[in-house]
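Asks: start.txt is reproduced in full below (compact mmCIF, C-alpha atoms).
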# COMPACT_ATOMS: atom_id res chain seq x y z
CA MET A 449 34.76 276.10 14.12
CA ARG A 450 37.12 277.73 16.57
CA ILE A 451 40.88 277.76 16.04
CA THR A 452 43.44 277.69 18.84
CA ALA A 453 47.18 277.37 18.34
CA LEU A 454 50.37 277.22 20.37
CA GLY A 455 54.04 276.97 19.42
CA LEU A 456 57.23 276.03 21.24
CA SER A 457 60.90 275.96 20.24
CA ASP A 458 63.96 274.45 21.90
CA VAL A 459 67.66 274.55 21.08
CA GLY A 460 68.04 270.80 21.65
CA LEU A 461 70.94 269.06 23.37
CA GLN A 462 73.70 269.28 20.76
CA ARG A 463 73.47 272.83 19.35
CA ASP A 464 74.66 276.03 20.98
CA HIS A 465 72.03 278.32 19.44
CA ASN A 466 68.57 278.08 17.92
CA GLU A 467 68.14 278.78 14.19
CA ASP A 468 64.41 277.98 14.11
CA THR A 469 61.64 280.59 14.06
CA PHE A 470 57.88 280.17 14.41
CA ARG A 471 54.90 282.49 14.28
CA CYS A 472 51.26 282.03 15.28
CA LEU A 473 49.54 284.87 13.41
CA ASP A 474 46.03 284.30 14.70
CA GLU A 475 44.72 287.48 13.10
CA TYR A 476 45.30 285.90 9.68
CA ARG A 477 44.88 282.29 10.83
CA LEU A 478 48.41 281.86 9.49
CA TYR A 479 50.94 279.61 11.22
CA LEU A 480 54.50 278.98 10.11
CA VAL A 481 57.76 277.28 11.07
CA ALA A 482 61.14 278.11 9.49
CA ASP A 483 64.39 276.21 10.04
CA GLY A 484 67.44 278.31 9.17
CA MET A 485 70.84 277.24 7.91
CA GLY A 486 74.14 279.02 7.42
CA GLY A 487 77.35 279.84 9.24
CA HIS A 488 77.59 281.88 12.45
CA ASN A 489 74.16 283.43 13.12
CA SER A 490 73.02 283.46 9.50
CA GLY A 491 70.53 280.63 9.91
CA GLU A 492 68.55 282.40 12.58
CA ILE A 493 68.61 285.59 10.51
CA ALA A 494 67.21 283.75 7.49
CA SER A 495 64.43 282.02 9.41
CA ALA A 496 63.44 285.27 11.15
CA MET A 497 63.40 287.07 7.79
CA ALA A 498 61.12 284.36 6.37
CA ALA A 499 58.65 284.76 9.23
CA GLU A 500 58.70 288.55 9.20
CA GLY A 501 58.56 288.71 5.40
CA MET A 502 55.45 286.52 5.27
CA LYS A 503 53.77 288.51 8.02
CA ALA A 504 54.59 291.80 6.30
CA PHE A 505 53.15 290.52 3.01
CA PHE A 506 49.87 289.55 4.66
CA GLU A 507 49.69 292.97 6.31
CA ALA A 508 50.39 294.74 3.00
CA THR A 509 47.79 292.76 1.05
CA GLU A 510 44.85 293.15 3.43
CA LYS A 511 43.34 295.80 1.19
CA ASP A 512 41.87 294.92 -2.21
CA ASP A 513 43.89 297.61 -4.00
CA ALA A 514 47.26 296.32 -2.75
CA THR A 515 50.06 295.96 -5.31
CA TRP A 516 51.41 292.42 -5.66
CA PRO A 517 55.05 291.80 -6.65
CA PHE A 518 54.19 288.55 -8.46
CA PRO A 519 51.53 287.71 -11.05
CA ILE A 520 48.42 286.11 -9.60
CA ASP A 521 47.87 282.50 -10.69
CA PRO A 522 44.29 282.31 -12.04
CA ASN A 523 44.16 278.60 -11.19
CA LEU A 524 44.51 279.35 -7.49
CA SER A 525 42.23 281.10 -5.03
CA LEU A 526 43.15 284.52 -3.71
CA GLN A 527 44.27 283.06 -0.39
CA GLU A 528 46.36 280.36 -2.06
CA ASN A 529 48.03 283.06 -4.13
CA ARG A 530 48.56 285.13 -1.01
CA LEU A 531 50.25 282.30 0.88
CA SER A 532 52.47 281.31 -2.04
CA ALA A 533 53.43 284.91 -2.85
CA SER A 534 54.33 285.64 0.77
CA ILE A 535 56.90 282.83 0.66
CA LYS A 536 58.26 283.98 -2.71
CA MET A 537 58.63 287.51 -1.36
CA ALA A 538 60.46 286.24 1.74
CA ASN A 539 62.76 284.21 -0.52
CA LYS A 540 63.68 287.29 -2.56
CA GLN A 541 64.43 289.31 0.58
CA ILE A 542 66.67 286.58 2.01
CA TYR A 543 68.48 286.09 -1.30
CA ASP A 544 69.09 289.83 -1.74
CA ARG A 545 70.41 290.13 1.82
CA SER A 546 72.68 287.12 1.30
CA CYS A 547 74.11 288.67 -1.89
CA SER A 548 74.65 292.14 -0.41
CA ASP A 549 75.95 291.23 3.05
CA GLN A 550 79.06 289.04 3.08
CA SER A 551 78.45 288.04 6.70
CA THR A 552 75.21 286.31 5.71
CA HIS A 553 76.35 284.94 2.34
CA GLY A 554 74.88 281.52 1.64
CA MET A 555 72.23 281.65 4.35
CA GLY A 556 68.91 279.98 3.76
CA THR A 557 65.89 278.52 5.49
CA THR A 558 63.12 276.01 5.08
CA VAL A 559 59.55 277.11 5.70
CA VAL A 560 56.16 275.48 6.14
CA GLY A 561 53.00 277.55 6.39
CA LEU A 562 49.39 276.73 7.25
CA LEU A 563 46.55 279.09 6.32
CA LEU A 564 43.12 278.14 7.68
CA HIS A 565 39.61 279.03 6.52
CA PRO A 566 37.20 277.62 9.12
CA GLU A 567 34.20 279.19 7.41
CA LYS A 568 34.99 277.16 4.27
CA GLY A 569 36.33 274.10 6.08
CA ILE A 570 39.64 274.18 4.20
CA ALA A 571 43.32 274.51 5.04
CA HIS A 572 46.07 275.63 2.67
CA VAL A 573 49.54 274.19 3.22
CA ALA A 574 52.67 275.58 1.55
CA HIS A 575 56.28 274.56 2.07
CA VAL A 576 59.85 274.73 0.83
CA GLY A 577 62.42 272.34 2.28
CA ASP A 578 61.94 269.60 4.87
CA SER A 579 59.92 271.28 7.60
CA ARG A 580 56.66 269.38 7.75
CA ALA A 581 52.90 269.69 8.19
CA TYR A 582 50.75 266.87 9.57
CA ARG A 583 47.04 266.43 10.24
CA VAL A 584 45.80 264.14 13.01
CA ARG A 585 42.20 263.00 12.73
CA ASN A 586 40.46 260.17 14.58
CA ARG A 587 43.78 258.96 15.98
CA LYS A 588 45.33 258.69 12.52
CA ILE A 589 48.14 260.88 11.21
CA GLU A 590 48.68 262.12 7.65
CA LEU A 591 51.79 263.83 6.33
CA LEU A 592 50.64 266.81 4.25
CA THR A 593 54.04 267.79 2.82
CA ARG A 594 56.84 266.06 0.92
CA ASP A 595 60.39 266.74 2.06
CA HIS A 596 62.50 268.47 -0.58
CA SER A 597 65.46 266.23 0.16
CA LEU A 598 68.06 264.35 -1.82
CA VAL A 599 66.62 261.02 -0.66
CA ASN A 600 63.08 261.91 -1.75
CA ASP A 601 64.26 263.27 -5.09
CA TYR A 602 66.05 259.98 -5.82
CA LEU A 603 62.95 258.02 -4.82
CA MET A 604 60.80 260.06 -7.20
CA MET A 605 63.17 259.37 -10.09
CA MET A 606 63.93 255.76 -9.12
CA PRO A 607 61.14 254.38 -6.90
CA ASP A 608 62.63 250.88 -7.11
CA MET A 609 66.09 251.92 -5.92
CA PRO A 610 67.60 249.12 -3.79
CA LYS A 611 67.83 249.75 -0.08
CA GLU A 612 71.62 249.33 -0.21
CA ALA A 613 71.89 252.24 -2.64
CA MET A 614 69.45 254.34 -0.62
CA ASP A 615 71.41 253.79 2.59
CA ILE A 616 74.54 255.45 1.21
CA LEU A 617 72.72 258.69 0.36
CA PRO A 618 73.17 261.49 2.91
CA LYS A 619 69.94 261.84 4.87
CA ASN A 620 70.22 265.52 5.82
CA VAL A 621 70.69 267.15 2.39
CA ILE A 622 67.77 269.34 1.29
CA THR A 623 67.37 270.29 -2.35
CA ARG A 624 65.15 273.34 -1.99
CA ALA A 625 65.25 276.26 0.46
CA LEU A 626 64.54 279.97 0.67
CA GLY A 627 67.52 282.18 -0.16
CA MET A 628 69.32 279.83 -2.52
CA GLN A 629 68.17 281.60 -5.70
CA ASP A 630 66.29 284.77 -6.53
CA SER A 631 63.13 282.72 -7.20
CA VAL A 632 61.73 279.60 -5.61
CA VAL A 633 59.13 276.94 -6.38
CA VAL A 634 56.58 276.68 -3.58
CA ASP A 635 54.67 273.42 -3.09
CA LEU A 636 51.04 274.23 -2.30
CA GLY A 637 48.16 271.99 -1.29
CA THR A 638 44.59 272.33 0.00
CA GLU A 639 43.09 270.01 2.61
CA ASP A 640 39.72 269.75 4.27
CA MET A 641 39.43 270.50 7.98
CA ARG A 642 36.90 269.28 10.52
CA ALA A 643 36.15 269.89 14.15
CA GLY A 644 38.44 267.61 16.15
CA ASP A 645 41.39 267.89 13.77
CA ARG A 646 44.82 268.83 15.02
CA PHE A 647 47.47 270.17 12.67
CA LEU A 648 51.18 270.04 13.45
CA LEU A 649 53.91 272.15 11.89
CA CYS A 650 57.46 271.17 12.82
CA SER A 651 61.11 271.46 11.94
CA ASP A 652 63.10 268.31 11.23
CA GLY A 653 64.39 268.43 14.78
CA LEU A 654 61.11 266.72 15.66
CA SER A 655 60.41 264.55 12.60
CA GLY A 656 63.99 263.30 12.61
CA GLN A 657 63.71 262.10 16.21
CA LEU A 658 60.15 260.82 16.69
CA THR A 659 58.18 258.41 14.53
CA ASP A 660 54.94 259.55 12.95
CA GLU A 661 53.16 256.97 15.09
CA ARG A 662 54.49 258.47 18.32
CA ILE A 663 53.64 261.99 17.16
CA CYS A 664 50.11 260.78 16.46
CA GLU A 665 49.79 259.27 19.94
CA ILE A 666 50.82 262.52 21.60
CA LEU A 667 48.48 264.67 19.54
CA SER A 668 45.57 262.23 19.89
CA ASP A 669 45.62 262.41 23.68
CA GLU A 670 43.01 264.80 25.00
CA GLN A 671 45.55 267.14 26.52
CA SER A 672 46.06 270.88 26.29
CA LEU A 673 48.12 272.32 23.45
CA GLU A 674 50.74 273.38 25.98
CA VAL A 675 51.11 269.81 27.24
CA CYS A 676 51.28 268.43 23.68
CA CYS A 677 53.96 270.91 22.59
CA LYS A 678 56.07 270.30 25.68
CA LYS A 679 55.79 266.53 25.35
CA LEU A 680 56.87 266.65 21.69
CA ILE A 681 59.91 268.77 22.57
CA ASP A 682 60.82 266.71 25.63
CA GLU A 683 60.65 263.40 23.78
CA SER A 684 62.72 264.82 20.92
CA ASN A 685 65.41 265.67 23.43
CA GLU A 686 65.10 262.29 25.13
CA ALA A 687 65.71 260.68 21.72
CA GLY A 688 68.99 262.58 21.38
CA GLY A 689 68.10 266.21 20.83
CA GLU A 690 70.40 266.36 17.81
CA ASP A 691 68.90 269.54 16.36
CA ASN A 692 66.80 272.56 17.23
CA CYS A 693 63.20 271.44 17.61
CA THR A 694 60.18 273.65 16.88
CA VAL A 695 56.50 272.74 16.87
CA ILE A 696 53.17 274.46 16.40
CA VAL A 697 49.99 272.56 17.26
CA VAL A 698 46.76 273.96 15.83
CA SER A 699 43.46 272.65 17.19
CA VAL A 700 40.15 272.84 15.29
CA GLU A 701 37.30 272.89 17.78
CA PRO A 702 33.50 273.08 17.47
Show this structure as C-alpha cells.

Replies:
Amino acid sequence: MRITALGLSDVGLQRDHNEDTFRCLDEYRLYLVADGMGGHNSGEIASAMAAEGMKAFFEATEKDDATWPFPIDPNLSLQENRLSASIKMANKQIYDRSCSDQSTHGMGTTVVGLLLHPEKGIAHVAHVGDSRAYRVRNRKIELLTRDHSLVNDYLMMMPDMPKEAMDILPKNVITRALGMQDSVVVDLGTEDMRAGDRFLLCSDGLSGQLTDERICEILSDEQSLEVCCKKLIDESNEAGGEDNCTVIVVSVEP
C-alpha cells in the first residue's frame, strides 16, 4: 500500500489568530493535529510544542539503543509505546514551560496522532482532548476517537441522562489536555487499514461545524486530497467558521 497525506489549516471567521498546528511526518508515517488553548499566544505555543515534541521523540528513538523517559508497556507493541510516549513527553515539556514561564501559565493543547504501518495493514491512533480521528471506508465513516469532554464524561457515568439535563451542560469543556498536569493519560487504539481507506484528523473547528455524514460525503468523492481538504475548510467557514479549523486527510492506495 502507498500512503499519501495532505493537511490544511485556517483561522476561521471569528478568531484573530490560529492556535492549531498540524504535521505530516511522512518519514515516520506519523500525522498529527493539535488544537491549542490559553491566553494571548499561549495556545499556539502549546500546540506547536506538542507537534515538535512528538517529532523530536520519534527522531531520538530511531535507534534501538535510545533511552526512553517512560517505562515501556509490555502489553503494547514498540510502535504503540513510541506513539504514546511521544505524547507523554510533549505533555511534560508543555507543563514545565507553563510552570516556569508566567506568560504561558495555564496553556494547553489537545492532540490526535495517527501512526501507520502499511506493511502490517494496521494504524495506531492516539489522542488527548477532543481533536478527532475518522476512517472512511466504502462510503461509510467511523469515529476512531472519543472526545474527552464534559458531555461525554457525563454520558459514560449516566448513559440514561435525560436530554433536558444534557442540554444544560456546556458543550465546549474538555476534561483532558496536554499541559494541565505533569503526566497525562493517552487513549490508544489500533485499527486495520485497507487500500481505499481515507483517514481524517481534525480539530473541533471542523467536527463542531460539519456532520459526520457530510464529512463522509466529501471524503468519499474521488477527488484529490487538496480538493478534499479545501472543501472541508470552506464548508466549515460557510457553516459559521466559529473556530480555527485544521484537517489532515491520509489516503491509503494500492

Asks: Using all atoms listed in the file, which of A:Met555, A:Val576, A:Met604, A:Met641 sits nearest Asn489 in chain A?

Replies: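 Of the candidates, the smallest distance to Asn489 in chain A is held by A:Met555.
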
Asks: Using only C-alpha atoms, what does the table of range 583-697 of chain A residues within 8 Å of range 471-484 of chain A look like, with each row giving the shortest atom pair and its distance in Å to one decimal, sorted by chain and ascending number, as a tab-separated table?

Replies:
residue	atom	partner	partner_atom	distance
A:Leu649	CA	A:Val481	CA	6.5
A:Cys650	CA	A:Val481	CA	6.4
A:Ser651	CA	A:Asp483	CA	6.1
A:Thr694	CA	A:Val481	CA	7.3
A:Val695	CA	A:Val481	CA	7.5
A:Ile696	CA	A:Val481	CA	7.6

Asks: Could you please determine the separation between CA of Gln462 in chain A and CA of Gly688 in chain A in Å, to one decimal place?

Replies: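 According to the coordinates, CA of Gln462 in chain A and CA of Gly688 in chain A are separated by 8.2 Å.
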
Asks: Counting all atoms listed in the file, which residue out of A:Asp652, A:Asp458, A:Asp608, A:Asp512 sits closest to Leu526 in chain A?

Replies: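 With all atoms listed in the file as the atom set, the closest residue is A:Asp512.
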
Asks: Suppose you want the space between CA of Glu670 in chain A and CA of Ser655 in chain A; what is it in Å?

Replies: 21.4 Å

Asks: Have a look at A:Asp521, A:Glu528, A:Asp669, A:Asp660 and name the one nearest to Leu636 in chain A; count only C-alpha atoms.

Replies: A:Glu528

Asks: In Å, how far is it from CA of Ser490 in chain A to CA of Leu598 in chain A?

Replies: 22.8 Å

Asks: Point out the residue among A:Leu454, A:Ala643, A:Val697, A:Ile666 with the least atom-to-atom distance to Gly569 in chain A, counting all atoms listed in the file.

Replies: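 Checking each of A:Leu454, A:Ala643, A:Val697, A:Ile666 against Gly569 in chain A, counting all atoms listed in the file, the winner is A:Ala643.
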
Asks: From the set A:Gly644, A:Gly491, A:Gly653, A:Gly556, which residue has the shortest atom-to-atom contact distance to Thr452 in chain A, counting all atoms listed in the file?

Replies: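 Nearest to Thr452 in chain A: A:Gly644.
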
Asks: Got a sec: who's within 9 Å of Leu531 in chain A, counting all atoms listed in the file, leaving out chain neighbours fewer than 2 positions off, as JSON, numbers by chain?

Replies: {"A": [478, 502, 505, 506, 526, 527, 528, 529, 533, 534, 535, 536, 561, 562, 563, 572, 573, 574, 636]}

Asks: For the structure just given, write the atoms of range 616-663 of chain A, namely N, CA and C atoms, as a short mmCIF file (atom, residue, chain, number, x, y, z; two decimals), in the first residue's frame.

Replies:
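Okay, this is what ended up in decode-v3.cif:
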data_model
loop_
_atom_site.label_atom_id
_atom_site.label_comp_id
_atom_site.auth_asym_id
_atom_site.auth_seq_id
_atom_site.Cartn_x
_atom_site.Cartn_y
_atom_site.Cartn_z
N ILE A 616 -28.16 21.38 29.28
CA ILE A 616 -27.66 22.48 30.08
C ILE A 616 -26.15 22.39 30.33
N LEU A 617 -25.56 21.24 29.96
CA LEU A 617 -24.11 21.10 30.12
C LEU A 617 -23.37 21.91 29.06
N PRO A 618 -22.29 22.60 29.43
CA PRO A 618 -21.51 23.33 28.42
C PRO A 618 -20.89 22.36 27.43
N LYS A 619 -21.02 22.68 26.15
CA LYS A 619 -20.60 21.75 25.10
C LYS A 619 -19.11 21.84 24.77
N ASN A 620 -18.45 22.91 25.19
CA ASN A 620 -17.07 23.13 24.74
C ASN A 620 -16.03 22.94 25.84
N VAL A 621 -16.40 22.23 26.92
CA VAL A 621 -15.47 22.00 28.03
C VAL A 621 -14.79 20.65 27.84
N ILE A 622 -13.46 20.65 27.71
CA ILE A 622 -12.73 19.39 27.61
C ILE A 622 -12.16 19.04 28.98
N THR A 623 -12.04 17.76 29.24
CA THR A 623 -11.63 17.29 30.57
C THR A 623 -10.22 16.70 30.57
N ARG A 624 -9.57 16.69 29.42
CA ARG A 624 -8.21 16.18 29.35
C ARG A 624 -7.46 16.94 28.25
N ALA A 625 -6.24 17.37 28.55
CA ALA A 625 -5.43 18.08 27.56
C ALA A 625 -3.97 17.99 27.97
N LEU A 626 -3.08 18.21 27.02
CA LEU A 626 -1.66 18.27 27.32
C LEU A 626 -1.36 19.58 28.04
N GLY A 627 -0.49 19.50 29.06
CA GLY A 627 -0.05 20.69 29.77
C GLY A 627 -0.80 20.99 31.04
N MET A 628 -1.85 20.25 31.33
CA MET A 628 -2.65 20.52 32.52
C MET A 628 -2.00 19.97 33.79
N GLN A 629 -1.31 18.83 33.65
CA GLN A 629 -0.61 18.20 34.76
C GLN A 629 0.72 17.66 34.25
N ASP A 630 1.58 17.22 35.18
CA ASP A 630 2.89 16.76 34.74
C ASP A 630 2.85 15.36 34.11
N SER A 631 1.70 14.70 34.19
CA SER A 631 1.51 13.42 33.49
C SER A 631 0.13 13.43 32.85
N VAL A 632 -0.04 12.57 31.85
CA VAL A 632 -1.32 12.55 31.14
C VAL A 632 -1.64 11.12 30.73
N VAL A 633 -2.93 10.81 30.70
CA VAL A 633 -3.40 9.51 30.22
C VAL A 633 -3.69 9.65 28.72
N VAL A 634 -3.06 8.80 27.93
CA VAL A 634 -3.23 8.83 26.48
C VAL A 634 -4.14 7.68 26.07
N ASP A 635 -5.21 7.98 25.35
CA ASP A 635 -6.06 6.92 24.80
C ASP A 635 -5.43 6.41 23.51
N LEU A 636 -5.31 5.09 23.41
CA LEU A 636 -4.58 4.48 22.29
C LEU A 636 -5.41 3.34 21.72
N GLY A 637 -5.51 3.30 20.40
CA GLY A 637 -6.25 2.22 19.74
C GLY A 637 -5.53 1.77 18.49
N THR A 638 -5.83 0.56 18.04
CA THR A 638 -5.25 0.01 16.81
C THR A 638 -6.38 -0.42 15.88
N GLU A 639 -6.29 0.02 14.63
CA GLU A 639 -7.30 -0.27 13.62
C GLU A 639 -6.65 -0.95 12.42
N ASP A 640 -7.46 -1.69 11.68
CA ASP A 640 -6.95 -2.23 10.43
C ASP A 640 -7.03 -1.17 9.35
N MET A 641 -6.20 -1.30 8.32
CA MET A 641 -6.24 -0.38 7.20
C MET A 641 -6.19 -1.17 5.90
N ARG A 642 -6.92 -0.67 4.90
CA ARG A 642 -7.01 -1.34 3.62
C ARG A 642 -6.84 -0.32 2.50
N ALA A 643 -6.43 -0.80 1.36
CA ALA A 643 -6.36 0.07 0.19
C ALA A 643 -7.76 0.64 -0.07
N GLY A 644 -7.82 1.93 -0.31
CA GLY A 644 -9.09 2.62 -0.50
C GLY A 644 -9.55 3.40 0.72
N ASP A 645 -8.97 3.11 1.89
CA ASP A 645 -9.33 3.86 3.10
C ASP A 645 -8.84 5.30 3.00
N ARG A 646 -9.59 6.18 3.65
CA ARG A 646 -9.10 7.53 3.91
C ARG A 646 -9.27 7.82 5.39
N PHE A 647 -8.21 8.30 6.00
CA PHE A 647 -8.25 8.71 7.40
C PHE A 647 -8.31 10.24 7.46
N LEU A 648 -9.03 10.75 8.43
CA LEU A 648 -9.12 12.19 8.67
C LEU A 648 -8.74 12.49 10.11
N LEU A 649 -7.81 13.41 10.29
CA LEU A 649 -7.54 14.00 11.60
C LEU A 649 -8.04 15.43 11.55
N CYS A 650 -8.68 15.89 12.62
CA CYS A 650 -9.21 17.26 12.59
C CYS A 650 -9.34 17.85 13.98
N SER A 651 -9.29 19.16 14.04
CA SER A 651 -9.61 19.88 15.27
C SER A 651 -11.13 20.04 15.34
N ASP A 652 -11.62 20.48 16.50
CA ASP A 652 -13.08 20.59 16.65
C ASP A 652 -13.66 21.75 15.85
N GLY A 653 -12.80 22.54 15.24
CA GLY A 653 -13.29 23.56 14.32
C GLY A 653 -13.97 22.97 13.11
N LEU A 654 -13.65 21.71 12.80
CA LEU A 654 -14.36 21.00 11.73
C LEU A 654 -15.52 20.19 12.28
N SER A 655 -15.24 19.33 13.27
CA SER A 655 -16.27 18.42 13.77
C SER A 655 -17.41 19.17 14.45
N GLY A 656 -17.14 20.37 14.93
CA GLY A 656 -18.20 21.17 15.54
C GLY A 656 -19.08 21.89 14.54
N GLN A 657 -18.68 21.90 13.26
CA GLN A 657 -19.41 22.63 12.24
C GLN A 657 -20.09 21.72 11.22
N LEU A 658 -19.44 20.60 10.88
CA LEU A 658 -19.99 19.70 9.87
C LEU A 658 -20.41 18.39 10.50
N THR A 659 -21.47 17.80 9.99
CA THR A 659 -21.91 16.49 10.47
C THR A 659 -20.95 15.42 9.96
N ASP A 660 -20.93 14.29 10.66
CA ASP A 660 -20.12 13.17 10.20
C ASP A 660 -20.56 12.73 8.80
N GLU A 661 -21.85 12.80 8.55
CA GLU A 661 -22.36 12.38 7.24
C GLU A 661 -21.82 13.25 6.12
N ARG A 662 -21.75 14.56 6.36
CA ARG A 662 -21.23 15.45 5.33
C ARG A 662 -19.73 15.25 5.15
N ILE A 663 -19.01 15.05 6.24
CA ILE A 663 -17.58 14.76 6.15
C ILE A 663 -17.35 13.51 5.31
#
